[in-house]
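Structure file work_3.cif with mmCIF, N, CA and C atoms:
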data_final
loop_
_atom_site.label_atom_id
_atom_site.label_comp_id
_atom_site.auth_asym_id
_atom_site.auth_seq_id
_atom_site.Cartn_x
_atom_site.Cartn_y
_atom_site.Cartn_z
N MET A 18 -43.98 -51.53 17.71
CA MET A 18 -42.54 -51.34 17.67
C MET A 18 -41.90 -52.60 17.11
N ILE A 19 -40.96 -52.43 16.21
CA ILE A 19 -40.25 -53.57 15.64
C ILE A 19 -38.77 -53.52 16.00
N TRP A 20 -38.18 -54.69 16.08
CA TRP A 20 -36.74 -54.85 16.20
C TRP A 20 -36.34 -55.87 15.15
N ASP A 21 -35.27 -55.61 14.45
CA ASP A 21 -34.75 -56.57 13.49
C ASP A 21 -33.24 -56.42 13.49
N GLN A 22 -32.56 -57.56 13.33
CA GLN A 22 -31.10 -57.51 13.35
C GLN A 22 -30.56 -58.50 12.34
N THR A 23 -29.52 -58.08 11.64
CA THR A 23 -28.85 -58.94 10.67
C THR A 23 -27.37 -58.57 10.65
N THR A 24 -26.57 -59.46 10.10
CA THR A 24 -25.15 -59.18 9.94
C THR A 24 -24.86 -58.95 8.46
N ILE A 25 -24.26 -57.82 8.19
CA ILE A 25 -23.85 -57.45 6.84
C ILE A 25 -22.42 -57.94 6.65
N GLN A 26 -22.19 -58.70 5.61
CA GLN A 26 -20.86 -59.22 5.32
C GLN A 26 -20.28 -58.49 4.13
N LEU A 27 -19.14 -57.83 4.36
CA LEU A 27 -18.47 -57.11 3.29
C LEU A 27 -17.24 -57.90 2.85
N PRO A 28 -16.93 -57.89 1.58
CA PRO A 28 -15.71 -58.57 1.12
C PRO A 28 -14.48 -57.79 1.56
N ALA A 29 -13.33 -58.42 1.43
CA ALA A 29 -12.08 -57.71 1.71
C ALA A 29 -11.98 -56.51 0.77
N LEU A 30 -11.66 -55.37 1.34
CA LEU A 30 -11.51 -54.14 0.56
C LEU A 30 -10.10 -53.59 0.76
N SER A 31 -9.63 -52.84 -0.20
CA SER A 31 -8.31 -52.24 -0.09
C SER A 31 -8.31 -51.17 1.01
N ARG A 32 -7.14 -50.80 1.43
CA ARG A 32 -7.02 -49.74 2.42
C ARG A 32 -7.61 -48.46 1.84
N GLY A 33 -8.41 -47.76 2.66
CA GLY A 33 -9.02 -46.52 2.20
C GLY A 33 -10.43 -46.37 2.73
N PHE A 34 -11.11 -45.38 2.23
CA PHE A 34 -12.46 -45.03 2.65
C PHE A 34 -13.43 -45.44 1.54
N HIS A 35 -14.33 -46.37 1.85
CA HIS A 35 -15.22 -46.97 0.85
C HIS A 35 -16.68 -46.68 1.18
N ILE A 36 -17.44 -46.21 0.20
CA ILE A 36 -18.88 -45.99 0.40
C ILE A 36 -19.57 -47.34 0.36
N ILE A 37 -20.31 -47.65 1.44
CA ILE A 37 -21.00 -48.95 1.55
C ILE A 37 -22.50 -48.77 1.77
N THR A 38 -23.03 -47.61 1.48
CA THR A 38 -24.45 -47.34 1.70
C THR A 38 -25.33 -48.39 1.02
N ASN A 39 -25.03 -48.70 -0.23
CA ASN A 39 -25.86 -49.67 -0.96
C ASN A 39 -25.81 -51.06 -0.31
N GLU A 40 -24.65 -51.46 0.16
CA GLU A 40 -24.53 -52.76 0.83
C GLU A 40 -25.32 -52.78 2.13
N VAL A 41 -25.30 -51.67 2.87
CA VAL A 41 -26.08 -51.59 4.11
C VAL A 41 -27.56 -51.73 3.81
N VAL A 42 -28.04 -51.04 2.79
CA VAL A 42 -29.46 -51.09 2.45
C VAL A 42 -29.85 -52.47 1.91
N SER A 43 -29.01 -53.05 1.07
CA SER A 43 -29.38 -54.33 0.45
C SER A 43 -29.22 -55.53 1.39
N GLN A 44 -28.24 -55.51 2.29
CA GLN A 44 -28.00 -56.64 3.18
C GLN A 44 -28.56 -56.45 4.58
N GLY A 45 -28.84 -55.22 4.95
CA GLY A 45 -29.31 -54.93 6.31
C GLY A 45 -30.78 -55.26 6.49
N PRO A 46 -31.33 -54.93 7.65
CA PRO A 46 -32.76 -55.16 7.90
C PRO A 46 -33.61 -54.45 6.85
N ASP A 47 -34.78 -55.00 6.58
CA ASP A 47 -35.70 -54.44 5.60
C ASP A 47 -36.29 -53.13 6.14
N LEU A 48 -35.94 -52.04 5.48
CA LEU A 48 -36.38 -50.70 5.91
C LEU A 48 -37.72 -50.29 5.32
N ARG A 49 -38.18 -50.98 4.29
CA ARG A 49 -39.31 -50.50 3.48
C ARG A 49 -40.56 -50.15 4.27
N ASN A 50 -40.88 -50.91 5.30
CA ASN A 50 -42.12 -50.67 6.04
C ASN A 50 -41.92 -49.88 7.33
N CYS A 51 -40.71 -49.44 7.56
CA CYS A 51 -40.42 -48.68 8.79
C CYS A 51 -40.76 -47.21 8.56
N GLN A 52 -41.77 -46.72 9.28
CA GLN A 52 -42.17 -45.31 9.14
C GLN A 52 -41.16 -44.38 9.81
N VAL A 53 -40.75 -44.75 11.01
CA VAL A 53 -39.78 -43.96 11.76
C VAL A 53 -38.95 -44.91 12.60
N GLY A 54 -37.64 -44.72 12.60
CA GLY A 54 -36.81 -45.63 13.38
C GLY A 54 -35.35 -45.22 13.37
N LEU A 55 -34.54 -46.13 13.90
CA LEU A 55 -33.10 -45.94 13.96
C LEU A 55 -32.43 -47.22 13.50
N LEU A 56 -31.44 -47.08 12.63
CA LEU A 56 -30.62 -48.21 12.22
C LEU A 56 -29.26 -48.02 12.86
N HIS A 57 -28.92 -48.94 13.76
CA HIS A 57 -27.62 -48.90 14.41
C HIS A 57 -26.70 -49.87 13.71
N LEU A 58 -25.50 -49.41 13.38
CA LEU A 58 -24.49 -50.23 12.70
C LEU A 58 -23.28 -50.36 13.60
N PHE A 59 -22.85 -51.61 13.83
CA PHE A 59 -21.69 -51.87 14.68
C PHE A 59 -20.71 -52.77 13.95
N LEU A 60 -19.51 -52.26 13.72
CA LEU A 60 -18.45 -53.00 13.04
C LEU A 60 -17.72 -53.89 14.04
N GLN A 61 -17.65 -55.18 13.74
CA GLN A 61 -17.07 -56.15 14.67
C GLN A 61 -15.56 -56.33 14.47
N HIS A 62 -14.85 -55.23 14.32
CA HIS A 62 -13.40 -55.30 14.06
C HIS A 62 -12.70 -54.12 14.73
N THR A 63 -11.40 -54.28 15.01
CA THR A 63 -10.66 -53.24 15.72
C THR A 63 -9.65 -52.50 14.85
N SER A 64 -9.61 -52.79 13.57
CA SER A 64 -8.66 -52.10 12.70
C SER A 64 -9.35 -51.48 11.48
N ALA A 65 -10.63 -51.23 11.62
CA ALA A 65 -11.42 -50.51 10.61
C ALA A 65 -12.46 -49.70 11.37
N SER A 66 -13.19 -48.86 10.68
CA SER A 66 -14.18 -48.02 11.36
C SER A 66 -15.31 -47.67 10.40
N LEU A 67 -16.34 -47.03 10.95
CA LEU A 67 -17.50 -46.58 10.18
C LEU A 67 -17.63 -45.07 10.32
N ALA A 68 -18.07 -44.43 9.24
CA ALA A 68 -18.27 -42.98 9.26
C ALA A 68 -19.34 -42.61 8.25
N ILE A 69 -19.82 -41.39 8.37
CA ILE A 69 -20.72 -40.80 7.37
C ILE A 69 -20.03 -39.56 6.84
N ASN A 70 -19.97 -39.45 5.50
CA ASN A 70 -19.35 -38.28 4.91
C ASN A 70 -19.77 -38.16 3.46
N GLU A 71 -19.11 -37.30 2.73
CA GLU A 71 -19.37 -36.97 1.33
C GLU A 71 -19.52 -38.23 0.47
N ASN A 72 -20.59 -38.27 -0.34
CA ASN A 72 -20.82 -39.46 -1.17
C ASN A 72 -20.62 -39.20 -2.66
N ALA A 73 -20.22 -38.01 -3.04
CA ALA A 73 -20.17 -37.68 -4.47
C ALA A 73 -18.74 -37.60 -5.01
N ASP A 74 -17.90 -36.80 -4.41
CA ASP A 74 -16.56 -36.54 -4.95
C ASP A 74 -15.55 -37.51 -4.35
N PRO A 75 -14.97 -38.41 -5.15
CA PRO A 75 -14.01 -39.37 -4.62
C PRO A 75 -12.75 -38.72 -4.06
N ASP A 76 -12.48 -37.47 -4.42
CA ASP A 76 -11.32 -36.78 -3.84
C ASP A 76 -11.43 -36.67 -2.33
N VAL A 77 -12.65 -36.58 -1.80
CA VAL A 77 -12.84 -36.51 -0.35
C VAL A 77 -12.29 -37.77 0.31
N ARG A 78 -12.62 -38.93 -0.24
CA ARG A 78 -12.15 -40.19 0.33
C ARG A 78 -10.63 -40.29 0.27
N GLY A 79 -10.05 -39.88 -0.83
CA GLY A 79 -8.58 -39.88 -0.95
C GLY A 79 -7.93 -38.91 0.02
N ASP A 80 -8.50 -37.73 0.15
CA ASP A 80 -7.96 -36.75 1.09
C ASP A 80 -8.05 -37.25 2.53
N LEU A 81 -9.16 -37.89 2.87
CA LEU A 81 -9.28 -38.44 4.22
C LEU A 81 -8.21 -39.50 4.47
N GLU A 82 -8.01 -40.40 3.53
CA GLU A 82 -6.98 -41.43 3.68
C GLU A 82 -5.61 -40.80 3.87
N ARG A 83 -5.26 -39.83 3.03
CA ARG A 83 -3.95 -39.18 3.14
C ARG A 83 -3.81 -38.44 4.47
N HIS A 84 -4.86 -37.77 4.91
CA HIS A 84 -4.80 -37.03 6.17
C HIS A 84 -4.57 -37.98 7.35
N PHE A 85 -5.34 -39.06 7.41
CA PHE A 85 -5.18 -39.99 8.53
C PHE A 85 -3.81 -40.66 8.50
N ASN A 86 -3.24 -40.88 7.31
CA ASN A 86 -1.90 -41.47 7.24
C ASN A 86 -0.83 -40.53 7.75
N VAL A 87 -1.03 -39.22 7.58
CA VAL A 87 -0.10 -38.24 8.14
C VAL A 87 -0.34 -38.10 9.64
N MET A 88 -1.59 -38.06 10.04
CA MET A 88 -1.93 -37.87 11.44
C MET A 88 -1.50 -39.06 12.30
N VAL A 89 -1.62 -40.28 11.75
CA VAL A 89 -1.27 -41.50 12.48
C VAL A 89 -0.31 -42.30 11.60
N PRO A 90 0.99 -41.97 11.66
CA PRO A 90 1.95 -42.60 10.76
C PRO A 90 2.30 -44.03 11.16
N GLU A 91 2.76 -44.79 10.19
CA GLU A 91 3.31 -46.11 10.46
C GLU A 91 4.72 -45.96 11.01
N ASN A 92 5.17 -47.01 11.68
CA ASN A 92 6.55 -47.10 12.17
C ASN A 92 6.93 -46.02 13.17
N ALA A 93 5.99 -45.50 13.93
CA ALA A 93 6.33 -44.52 14.97
C ALA A 93 7.19 -45.23 16.01
N PRO A 94 8.25 -44.61 16.48
CA PRO A 94 9.18 -45.28 17.39
C PRO A 94 8.58 -45.65 18.75
N HIS A 95 7.46 -45.04 19.11
CA HIS A 95 6.86 -45.34 20.42
C HIS A 95 5.87 -46.50 20.38
N TYR A 96 5.57 -47.06 19.20
CA TYR A 96 4.67 -48.20 19.11
C TYR A 96 5.36 -49.45 19.65
N ARG A 97 4.65 -50.23 20.46
CA ARG A 97 5.16 -51.52 20.95
C ARG A 97 4.41 -52.68 20.29
N HIS A 98 3.17 -52.46 19.90
CA HIS A 98 2.35 -53.49 19.26
C HIS A 98 2.68 -53.49 17.76
N THR A 99 3.73 -54.23 17.38
CA THR A 99 4.20 -54.19 16.00
C THR A 99 4.27 -55.57 15.34
N VAL A 100 3.90 -56.62 16.07
CA VAL A 100 4.08 -57.98 15.57
C VAL A 100 3.23 -58.27 14.32
N GLU A 101 2.12 -57.55 14.14
CA GLU A 101 1.24 -57.80 12.99
C GLU A 101 1.51 -56.88 11.81
N GLY A 102 2.62 -56.17 11.83
CA GLY A 102 3.00 -55.33 10.70
C GLY A 102 2.89 -53.85 11.01
N PRO A 103 3.53 -53.03 10.18
CA PRO A 103 3.58 -51.60 10.45
C PRO A 103 2.25 -50.87 10.33
N ASP A 104 1.26 -51.48 9.65
CA ASP A 104 -0.04 -50.82 9.50
C ASP A 104 -1.01 -51.17 10.64
N ASP A 105 -0.65 -52.13 11.50
CA ASP A 105 -1.61 -52.61 12.49
C ASP A 105 -1.88 -51.62 13.62
N MET A 106 -0.86 -51.15 14.30
CA MET A 106 -1.11 -50.21 15.41
C MET A 106 -1.74 -48.92 14.91
N PRO A 107 -1.27 -48.34 13.79
CA PRO A 107 -1.98 -47.16 13.27
C PRO A 107 -3.45 -47.46 12.96
N ALA A 108 -3.74 -48.69 12.49
CA ALA A 108 -5.14 -49.05 12.20
C ALA A 108 -5.97 -49.03 13.47
N HIS A 109 -5.42 -49.52 14.58
CA HIS A 109 -6.15 -49.49 15.85
C HIS A 109 -6.41 -48.05 16.31
N ILE A 110 -5.42 -47.20 16.17
CA ILE A 110 -5.58 -45.80 16.58
C ILE A 110 -6.64 -45.11 15.71
N LYS A 111 -6.57 -45.31 14.40
CA LYS A 111 -7.56 -44.71 13.50
C LYS A 111 -8.96 -45.21 13.82
N SER A 112 -9.07 -46.49 14.16
CA SER A 112 -10.37 -47.07 14.51
C SER A 112 -10.95 -46.39 15.75
N ILE A 113 -10.10 -46.12 16.73
CA ILE A 113 -10.58 -45.43 17.94
C ILE A 113 -10.99 -43.99 17.61
N LEU A 114 -10.22 -43.32 16.77
CA LEU A 114 -10.53 -41.92 16.44
C LEU A 114 -11.85 -41.78 15.68
N ILE A 115 -12.10 -42.68 14.74
CA ILE A 115 -13.31 -42.60 13.93
C ILE A 115 -14.47 -43.33 14.59
N GLY A 116 -14.22 -44.52 15.12
CA GLY A 116 -15.24 -45.27 15.85
C GLY A 116 -15.80 -46.45 15.09
N PRO A 117 -16.34 -47.43 15.86
CA PRO A 117 -16.85 -48.66 15.26
C PRO A 117 -18.35 -48.66 14.97
N SER A 118 -19.06 -47.58 15.29
CA SER A 118 -20.52 -47.65 15.15
C SER A 118 -21.11 -46.32 14.68
N LEU A 119 -22.33 -46.46 14.11
CA LEU A 119 -23.12 -45.32 13.66
C LEU A 119 -24.58 -45.59 13.96
N THR A 120 -25.35 -44.54 14.14
CA THR A 120 -26.80 -44.66 14.20
C THR A 120 -27.37 -43.71 13.16
N VAL A 121 -28.21 -44.26 12.27
CA VAL A 121 -28.78 -43.48 11.17
C VAL A 121 -30.29 -43.48 11.32
N PRO A 122 -30.94 -42.31 11.26
CA PRO A 122 -32.40 -42.28 11.31
C PRO A 122 -33.01 -42.94 10.06
N VAL A 123 -34.18 -43.54 10.26
CA VAL A 123 -34.95 -44.11 9.16
C VAL A 123 -36.28 -43.36 9.11
N SER A 124 -36.63 -42.89 7.92
CA SER A 124 -37.88 -42.17 7.72
C SER A 124 -38.58 -42.71 6.49
N ASP A 125 -39.84 -43.10 6.65
CA ASP A 125 -40.67 -43.57 5.53
C ASP A 125 -39.95 -44.62 4.68
N GLY A 126 -39.30 -45.58 5.33
CA GLY A 126 -38.70 -46.69 4.63
C GLY A 126 -37.33 -46.45 4.02
N HIS A 127 -36.70 -45.32 4.35
CA HIS A 127 -35.41 -44.98 3.76
C HIS A 127 -34.47 -44.44 4.84
N LEU A 128 -33.17 -44.62 4.63
CA LEU A 128 -32.20 -43.97 5.50
C LEU A 128 -32.35 -42.46 5.33
N ALA A 129 -32.39 -41.74 6.42
CA ALA A 129 -32.57 -40.28 6.36
C ALA A 129 -31.22 -39.58 6.30
N LEU A 130 -30.42 -39.98 5.31
CA LEU A 130 -29.13 -39.34 5.09
C LEU A 130 -29.33 -38.05 4.30
N GLY A 131 -28.43 -37.12 4.47
CA GLY A 131 -28.46 -35.90 3.68
C GLY A 131 -28.11 -36.19 2.23
N THR A 132 -28.38 -35.24 1.37
CA THR A 132 -28.18 -35.39 -0.07
C THR A 132 -26.78 -35.87 -0.41
N TRP A 133 -25.77 -35.35 0.26
CA TRP A 133 -24.38 -35.65 -0.08
C TRP A 133 -23.73 -36.59 0.91
N GLN A 134 -24.52 -37.33 1.68
CA GLN A 134 -23.96 -38.21 2.70
C GLN A 134 -24.01 -39.67 2.27
N GLY A 135 -22.95 -40.39 2.60
CA GLY A 135 -22.88 -41.82 2.39
C GLY A 135 -22.24 -42.47 3.60
N ILE A 136 -22.50 -43.77 3.77
CA ILE A 136 -21.91 -44.53 4.86
C ILE A 136 -20.59 -45.10 4.35
N TYR A 137 -19.54 -44.90 5.14
CA TYR A 137 -18.20 -45.37 4.77
C TYR A 137 -17.78 -46.54 5.64
N LEU A 138 -17.12 -47.51 5.03
CA LEU A 138 -16.23 -48.40 5.75
C LEU A 138 -14.85 -47.80 5.58
N CYS A 139 -14.22 -47.50 6.68
CA CYS A 139 -12.87 -46.94 6.67
C CYS A 139 -11.92 -48.11 6.95
N GLU A 140 -11.29 -48.61 5.91
CA GLU A 140 -10.38 -49.75 6.05
C GLU A 140 -8.98 -49.23 6.30
N HIS A 141 -8.42 -49.61 7.45
CA HIS A 141 -7.13 -49.07 7.86
C HIS A 141 -5.98 -50.05 7.69
N ARG A 142 -6.25 -51.27 7.24
CA ARG A 142 -5.20 -52.27 7.04
C ARG A 142 -4.88 -52.40 5.55
N ASP A 143 -3.63 -52.75 5.28
CA ASP A 143 -3.21 -52.97 3.89
C ASP A 143 -3.81 -54.24 3.30
N HIS A 144 -3.92 -55.29 4.12
CA HIS A 144 -4.39 -56.59 3.62
C HIS A 144 -5.41 -57.18 4.59
N ALA A 145 -6.50 -56.51 4.77
CA ALA A 145 -7.54 -56.98 5.70
C ALA A 145 -8.40 -58.03 5.02
N GLY A 146 -9.08 -58.79 5.84
CA GLY A 146 -10.06 -59.74 5.32
C GLY A 146 -11.42 -59.06 5.21
N GLY A 147 -12.45 -59.86 5.00
CA GLY A 147 -13.80 -59.32 4.97
C GLY A 147 -14.18 -58.72 6.31
N ARG A 148 -15.17 -57.90 6.32
CA ARG A 148 -15.62 -57.22 7.54
C ARG A 148 -17.10 -57.52 7.76
N ASN A 149 -17.49 -57.61 9.05
CA ASN A 149 -18.89 -57.84 9.43
C ASN A 149 -19.43 -56.65 10.20
N ILE A 150 -20.66 -56.28 9.87
CA ILE A 150 -21.36 -55.19 10.55
C ILE A 150 -22.67 -55.73 11.06
N VAL A 151 -22.91 -55.61 12.36
CA VAL A 151 -24.20 -55.98 12.94
C VAL A 151 -25.12 -54.77 12.76
N ALA A 152 -26.22 -54.98 12.05
CA ALA A 152 -27.18 -53.90 11.76
C ALA A 152 -28.47 -54.18 12.53
N THR A 153 -28.83 -53.26 13.42
CA THR A 153 -30.01 -53.42 14.26
C THR A 153 -30.99 -52.29 13.96
N LEU A 154 -32.19 -52.66 13.55
CA LEU A 154 -33.24 -51.69 13.26
C LEU A 154 -34.27 -51.70 14.39
N GLN A 155 -34.54 -50.54 14.91
CA GLN A 155 -35.63 -50.35 15.88
C GLN A 155 -36.54 -49.30 15.28
N GLY A 156 -37.83 -49.58 15.23
CA GLY A 156 -38.71 -48.60 14.64
C GLY A 156 -40.17 -48.94 14.75
N ARG A 157 -40.97 -48.13 14.10
CA ARG A 157 -42.42 -48.28 14.09
C ARG A 157 -42.86 -48.51 12.66
N TRP A 158 -43.71 -49.49 12.48
CA TRP A 158 -44.28 -49.78 11.16
C TRP A 158 -45.32 -48.76 10.82
#
Write the structure described by the file as structure tokens, please.
Amino acid sequence: MIWDQTTIQLPALSRGFHIITNEVVSQGPDLRNCQVGLLHLFLQHTSASLAINENADPDVRGDLERHFNVMVPENAPHYRHTVEGPDDMPAHIKSILIGPSLTVPVSDGHLALGTWQGIYLCEHRDHAGGRNIVATLQGRW
């Protein structure tokens, strides 16, 4: 049984849903020799989230961004946490709805994602900094 852990550092990204599958594979633990395992990803931030969804049509990412902006609007009159700007409290709510972590199966040295699946960083802030993801691999060589 193996355990490996690394931190993936992503640059600042614009608000929206970004496919980061390649960054996870290139910066995360070495999957090549893992026959069967689990890769757990944990985002160390409270105003962004991680998800798995469509990796081919960029319209999906745009539709998701527009939907979440309608579902969790800025400047709602009941928000009290407003000192960091109108996008901050909605970003926290979106982060809770989508979540900060994912677990992806690993099979024969590769992420066992479906044909049309990609790993997303869901950036909910207008001007966020870089993001860190702790990637932990547990598996069998």
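Taken over the shown file, the PyMOL selection byres ((chain A and resi 100-116) around 6.5) identifies A:Thr63, A:Ser64, A:Ala65, A:Ser66, A:Leu67, A:Val89, A:Pro90, A:Glu91, A:Asn92, A:Arg97, A:His98, A:Thr99, A:Pro117, A:Ser118, A:His141, A:Arg142, A:Asp143.
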Once the PyMOL selection byres ((chain A and resi 72) around 6.5) has been applied to the shown file, what residues remain in the selection, as a PDB file with N, CA and C atoms, keeping the file's coordinate frame?
ATOM      1  N   ASN A  70     -19.970 -39.450   5.500  1.00  0.00           N
ATOM      2  CA  ASN A  70     -19.350 -38.280   4.910  1.00  0.00           C
ATOM      3  C   ASN A  70     -19.770 -38.160   3.460  1.00  0.00           C
ATOM      4  N   GLU A  71     -19.110 -37.300   2.730  1.00  0.00           N
ATOM      5  CA  GLU A  71     -19.370 -36.970   1.330  1.00  0.00           C
ATOM      6  C   GLU A  71     -19.520 -38.230   0.470  1.00  0.00           C
ATOM      7  N   ALA A  73     -20.220 -38.010  -3.040  1.00  0.00           N
ATOM      8  CA  ALA A  73     -20.170 -37.680  -4.470  1.00  0.00           C
ATOM      9  C   ALA A  73     -18.740 -37.600  -5.010  1.00  0.00           C
ATOM     10  N   ASP A  74     -17.900 -36.800  -4.410  1.00  0.00           N
ATOM     11  CA  ASP A  74     -16.560 -36.540  -4.950  1.00  0.00           C
ATOM     12  C   ASP A  74     -15.550 -37.510  -4.350  1.00  0.00           C
ATOM     13  N   PRO A  75     -14.970 -38.410  -5.150  1.00  0.00           N
ATOM     14  CA  PRO A  75     -14.010 -39.370  -4.620  1.00  0.00           C
ATOM     15  C   PRO A  75     -12.750 -38.720  -4.060  1.00  0.00           C
ATOM     16  N   TRP A 133     -25.770 -35.350   0.260  1.00  0.00           N
ATOM     17  CA  TRP A 133     -24.380 -35.650  -0.080  1.00  0.00           C
ATOM     18  C   TRP A 133     -23.730 -36.590   0.910  1.00  0.00           C
ATOM     19  N   GLN A 134     -24.520 -37.330   1.680  1.00  0.00           N
ATOM     20  CA  GLN A 134     -23.960 -38.210   2.700  1.00  0.00           C
ATOM     21  C   GLN A 134     -24.010 -39.670   2.270  1.00  0.00           C
ATOM     22  N   GLY A 135     -22.950 -40.390   2.600  1.00  0.00           N
ATOM     23  CA  GLY A 135     -22.880 -41.820   2.390  1.00  0.00           C
ATOM     24  C   GLY A 135     -22.240 -42.470   3.600  1.00  0.00           C
TER      25      GLY A 135
END
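Separating CA of Arg78 in chain A from atom N of Ile36 in chain A is a distance of 8.0 Å.
CA of Gly33 in chain A is found 21.5 Å from CA of Thr120 in chain A.
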Subject >> Residues within 7 Å of Gly147 in chain A, only N, CA and C atoms, excluding chain neighbours under 6 positions, as JSON, numbers by chain >> reply: {"A": [26, 27, 28, 29, 30]}
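A straight line drawn from CA of His84 in chain A to atom N of Leu138 in chain A is 16.2 Å long.
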**OP:** Specify as a PyMOL selection string each residue included when the PyMOL selection byres ((chain A and resi 53-62) around 5) is applied to this file.
**Re:** chain A and resi 51-52+63-65+117-125+149-157
Original post:
If you run DSSP on the backbone, which residues of chain A are strand (DSSP E or B), as a PyMOL selection string?
Top reply: chain A and resi 19-27+33-36+53-60+65-71+118-124+127-128+134-140+148-157
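Shortest separation to Ile69 in chain A among A:Trp20, A:Trp158, A:Tyr137, A:Tyr96 occurs at residue A:Tyr137, atoms counted being all atoms listed in the file.
Taking only C-alpha atoms into account, Ala68 in chain A lies nearest to A:Leu81 out of the set A:Met18, A:Leu81, A:Gly126, A:Val87.
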